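Student: Handing you a structure now.
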Amino acid sequence: MDESIARKLLVDTGRELLETGLVARTWGNVSCRLDEYNFVITPSGLDYTRTEEEDIVKMNLASGEWQGIHKPSGERGVHIAAYQVFPEVNFVIHTHQTYASALGLAGFQYLDIRKEEKEALGGIMLADYGLPGTKKLTNAVKEALQTGVKVVLMSNHGVLICGGTKEETMSKAILLEEICKRNIKGSFEVTQKTKANDAEALLSAVRKKFQYAALVQTPATIVCANRGVSIDAQLDDMAQMIGRKISVVSGEVANIIHAIEKVNAILVPGIGAVVRAESEDDMIALGLLIDKAAVCSIHSAASNVKARISVTHATLMKLVYQMKYSKQKS
Ligand SMILES: [Zn+2]
């Protein structure tokens with residue numbers, strides 16, 4: 001494929017992924033094969049709304065050498081694996097989409113999927129866990145691809161989708177999310193109504209102290225908050241941005257404000273979640289992450305699975321994320 005067309009395809013796909021909600025913030029990445037030896041990939045840590053054609057990175061499949069004004073995505077290893085395993089694959093999408101990530105934690109072995117859906121995806125398999133950007137993760141995904149499947153659920157992380165064209169790969173990502181959504185277990189029904197007055201009072205009190213604070217009142221977060229049990233990090237992106245758990249805090253407003261000074265997300269029974277960040281973008285990203293974490297928590301609890309990320313891994317990922325992020329901001 002022509003390089004300038006491929007670059008534009010990646011820019012467009014990044015925005016489409018944001019619009020469909022399959023990708024949030026800078027998470028997830030997209031690549032396109034140019035020829036037998038080269039491919040182009042989205043850069044590391046750049047928001048899709050701000051990514052332009054010149055930001056796309058060109059890479060050599062065999063040597064891993066790259067050319068561009070940014071570093072290639074930290075998850076380039078799994079893209080390379082896909083092109084190496086399948087000569088017919090020309091487009092690869094990696095996302096942290098909610099329902100597929102949840103099914104990667106629990107219930108994959110009982111997945112209710114029709115034969116034609118499986119064929120449309122090109123086969124699906126669950127790969128073992130590896131920390132983001134590591135050889136271990138690349139190898140685990142490669143092993144799954146070598147069995148011939150084009151969709152790989154990456155344990156505690158997300159999903160890799162391979163296709164012949166951009167359109168085919170995008171429609172697989174959307175189909176996968178539909179299949180996984182109907183396989184989600186647990187109840188998302190809010191039985192106890194939240195009090196609008198309390199929520200408003202709490203938010204205005206928190207915003208006096210923190211400019212970028214918000215309430216997250218999705219069904220999953222409200223159900224989790226009312227359950228009164230903290231949410232453990234089961235996915236890498238929550239471990240990176242929030243930490244190894246989201247605690248439940250109740251009682252007086254002062255209590256809640258005190259708690260949110262130390263962490264960026266808490267659950268409040270009767271309300272949902274409270275998040276605070278240093279920018280509007282981060283605040284929105286936290287809201288999406290906490291909702292996904294809540295969906296995963298409800299689904300895995302209903303499936304009787306813990307699927308927690310280890311304390312060591314969670315601590316390590318948060319540190320690496322903070323270092324990377326402070327570097328990007330400076
Ligand atoms: Zn990822």
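A note on labels: chains of the structure tokens are A, B, ... as shown, every chain counts residues from 1, and ligands are counted from 1 in their shown order.
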Can you pull out the residues contacting Val229 (chain A)? Cut-off 9 Å, using only C-alpha atoms, and skip same-chain residues under 2 positions away; I want them as number ranges by chain.
Tutor: A: 224-227, 231, 247-248, 267
Student: Could you list, as a VMD selection string, every residue within 10 Å of Tyr83 (chain A), counting only C-alpha atoms and ignoring same-chain residues fewer than 4 positions away?
Tutor: chain A and resid 31 to 33 36 to 39 61 78 to 79 87 to 92 162
Student: Based on the selection just made, write C-alpha atoms of those residues as a compact mmCIF listing (two decimals), in the first residue's frame.
Tutor:
```
# COMPACT_ATOMS: atom_id res chain seq x y z
CA SER A 31 -1.02 -0.29 12.23
CA CYS A 32 -1.08 -0.94 8.48
CA ARG A 33 1.26 -3.03 6.34
CA GLU A 36 6.57 -7.44 2.80
CA TYR A 37 9.14 -5.58 4.93
CA ASN A 38 7.53 -2.45 6.33
CA PHE A 39 4.48 -1.18 8.14
CA LEU A 61 9.31 -5.74 10.33
CA VAL A 78 2.26 -7.58 19.02
CA HIS A 79 1.69 -5.78 15.71
CA PRO A 87 1.25 -12.74 5.20
CA GLU A 88 -2.42 -11.97 4.37
CA VAL A 89 -2.87 -9.59 7.29
CA ASN A 90 -2.56 -5.92 6.30
CA PHE A 91 -4.24 -4.12 9.18
CA VAL A 92 -4.00 -4.57 12.96
CA CYS A 162 -6.04 -8.70 12.59
```
Student: Could you give me, as a tab-separated table (two decimals) with C-alpha atoms, in the first residue's frame, every polymer residue with an atom at most 8 Å away from an atom of ligand 1, counting only C-alpha atoms and all ligand atoms?
Tutor:
```tsv
chain	number	residue	atom	x	y	z
A	27	TRP	CA	-4.83	3.65	24.79
A	28	GLY	CA	-4.91	1.24	21.93
A	29	ASN	CA	-2.97	1.47	18.69
A	75	GLU	CA	2.89	-2.24	22.01
A	94	HIS	CA	-5.16	-3.17	19.45
A	95	THR	CA	-7.81	-1.90	21.86
A	96	HIS	CA	-8.72	-2.02	25.54
A	132	PRO	CA	2.64	-4.18	28.68
A	157	HIS	CA	-5.15	-6.06	29.16
A	158	GLY	CA	-7.23	-5.89	25.98
A	159	VAL	CA	-7.48	-7.39	22.53
A	236	ASP	CA	-3.42	-2.96	33.21
A	237	ASP	CA	-4.82	0.46	32.31
```
Student: Based on the backbone DSSP call, show me all residues of region 24-76 of chain A assigned strand (DSSP E), as a PyMOL selection string.
Tutor: chain A and resi 29-33+38-41+57-60+66-67
Student: Atoms to include: C-alpha atoms. Write the selected residues as a PDB file, in the first residue's frame.
Tutor:
```pdb
ATOM      1  CA  ASN A  29      -2.971   1.472  18.686  1.00  0.00           C
ATOM      2  CA  VAL A  30      -3.373   0.825  14.991  1.00  0.00           C
ATOM      3  CA  SER A  31      -1.025  -0.295  12.230  1.00  0.00           C
ATOM      4  CA  CYS A  32      -1.078  -0.939   8.484  1.00  0.00           C
ATOM      5  CA  ARG A  33       1.261  -3.029   6.345  1.00  0.00           C
ATOM      6  CA  ASN A  38       7.535  -2.450   6.328  1.00  0.00           C
ATOM      7  CA  PHE A  39       4.481  -1.180   8.140  1.00  0.00           C
ATOM      8  CA  VAL A  40       3.254   2.080   9.687  1.00  0.00           C
ATOM      9  CA  ILE A  41       1.961   2.397  13.262  1.00  0.00           C
ATOM     10  CA  VAL A  57       5.855   6.028  12.515  1.00  0.00           C
ATOM     11  CA  LYS A  58       7.276   3.778   9.807  1.00  0.00           C
ATOM     12  CA  MET A  59       8.850   0.511  10.959  1.00  0.00           C
ATOM     13  CA  ASN A  60      10.827  -2.354   9.525  1.00  0.00           C
ATOM     14  CA  TRP A  66      11.791   2.946  12.929  1.00  0.00           C
ATOM     15  CA  GLN A  67      11.608   6.363  11.294  1.00  0.00           C
TER      16      GLN A  67
END
```
Student: Would you mind writing down, as a PyMOL selection string, each residue of region 88-220 of chain A that DSSP on the backbone assigns to alpha helix (DSSP H)?
Tutor: chain A and resi 98-105+115-121+135-145+166-182+196-209+219-220
Student: List the spatial neighbours of Thr315 (chain A) as a list in words - criterion: any atom at most 9 Å away, only C-alpha atoms, same-chain residues fewer than 6 positions off excluded.
Tutor: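 Listing them by chain and then by number gives Ala239, Gln240, Gly243 and Arg244 of chain A.
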Student: Store the residues of this selection in a file with N, CA and C atoms, as a compact mmCIF listing (two decimals), in the first residue's frame.
Tutor:
```txt
# COMPACT_ATOMS: atom_id res chain seq x y z
N ALA A 239 -4.59 -0.22 36.59
CA ALA A 239 -3.41 -0.29 37.47
C ALA A 239 -2.48 0.89 37.19
N GLN A 240 -2.37 1.25 35.92
CA GLN A 240 -1.47 2.34 35.55
C GLN A 240 -2.00 3.70 36.00
N GLY A 243 -4.37 2.76 40.05
CA GLY A 243 -3.63 2.06 41.11
C GLY A 243 -4.24 0.70 41.33
N ARG A 244 -3.90 0.06 42.46
CA ARG A 244 -4.33 -1.33 42.56
C ARG A 244 -5.72 -1.51 43.13
```
Student: Here is a test: counting only C-alpha atoms, which residue of A:Ile161, A:Ile309, A:Cys180, A:Ile257 is nearest to Lys245 (chain A)?
Tutor: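 The closest residue to Lys245 (chain A) is A:Ile309.
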Student: Can you pull out the residues contacting Ser310 (chain A)? Cut-off 12 Å, using only C-alpha atoms, and skip same-chain residues under 3 positions away; I want them as a list in words.
Tutor: Tyr129, Gly130, Leu131, Asn156, Asp232, Ala233, Gln234, Leu235, Asp236, Ala239, Gly243, Arg244, Lys245, Lys306, Ala307, His313, Ala314, Thr315, Leu316 and Met317 of chain A
Student: Could you write those residues out with C-alpha atoms, as a compact mmCIF listing (two decimals), in the first residue's frame?
Tutor:
```txt
# COMPACT_ATOMS: atom_id res chain seq x y z
CA TYR A 129 -0.61 -12.45 30.67
CA GLY A 130 2.49 -10.39 30.10
CA LEU A 131 3.28 -6.86 31.35
CA ASN A 156 -5.87 -8.46 31.99
CA ASP A 232 -9.42 -4.42 42.53
CA ALA A 233 -7.33 -3.65 39.46
CA GLN A 234 -7.93 -6.45 36.99
CA LEU A 235 -6.78 -4.57 33.89
CA ASP A 236 -3.42 -2.96 33.21
CA ALA A 239 -3.41 -0.29 37.47
CA GLY A 243 -3.63 2.06 41.11
CA ARG A 244 -4.33 -1.33 42.56
CA LYS A 245 -7.74 -0.58 43.96
CA LYS A 306 -10.80 -12.93 40.94
CA ALA A 307 -8.43 -12.19 38.01
CA HIS A 313 2.83 -5.70 38.87
CA ALA A 314 0.27 -3.04 39.73
CA THR A 315 2.81 -0.98 41.70
CA LEU A 316 5.40 -1.29 38.94
CA MET A 317 2.95 -0.27 36.20
```
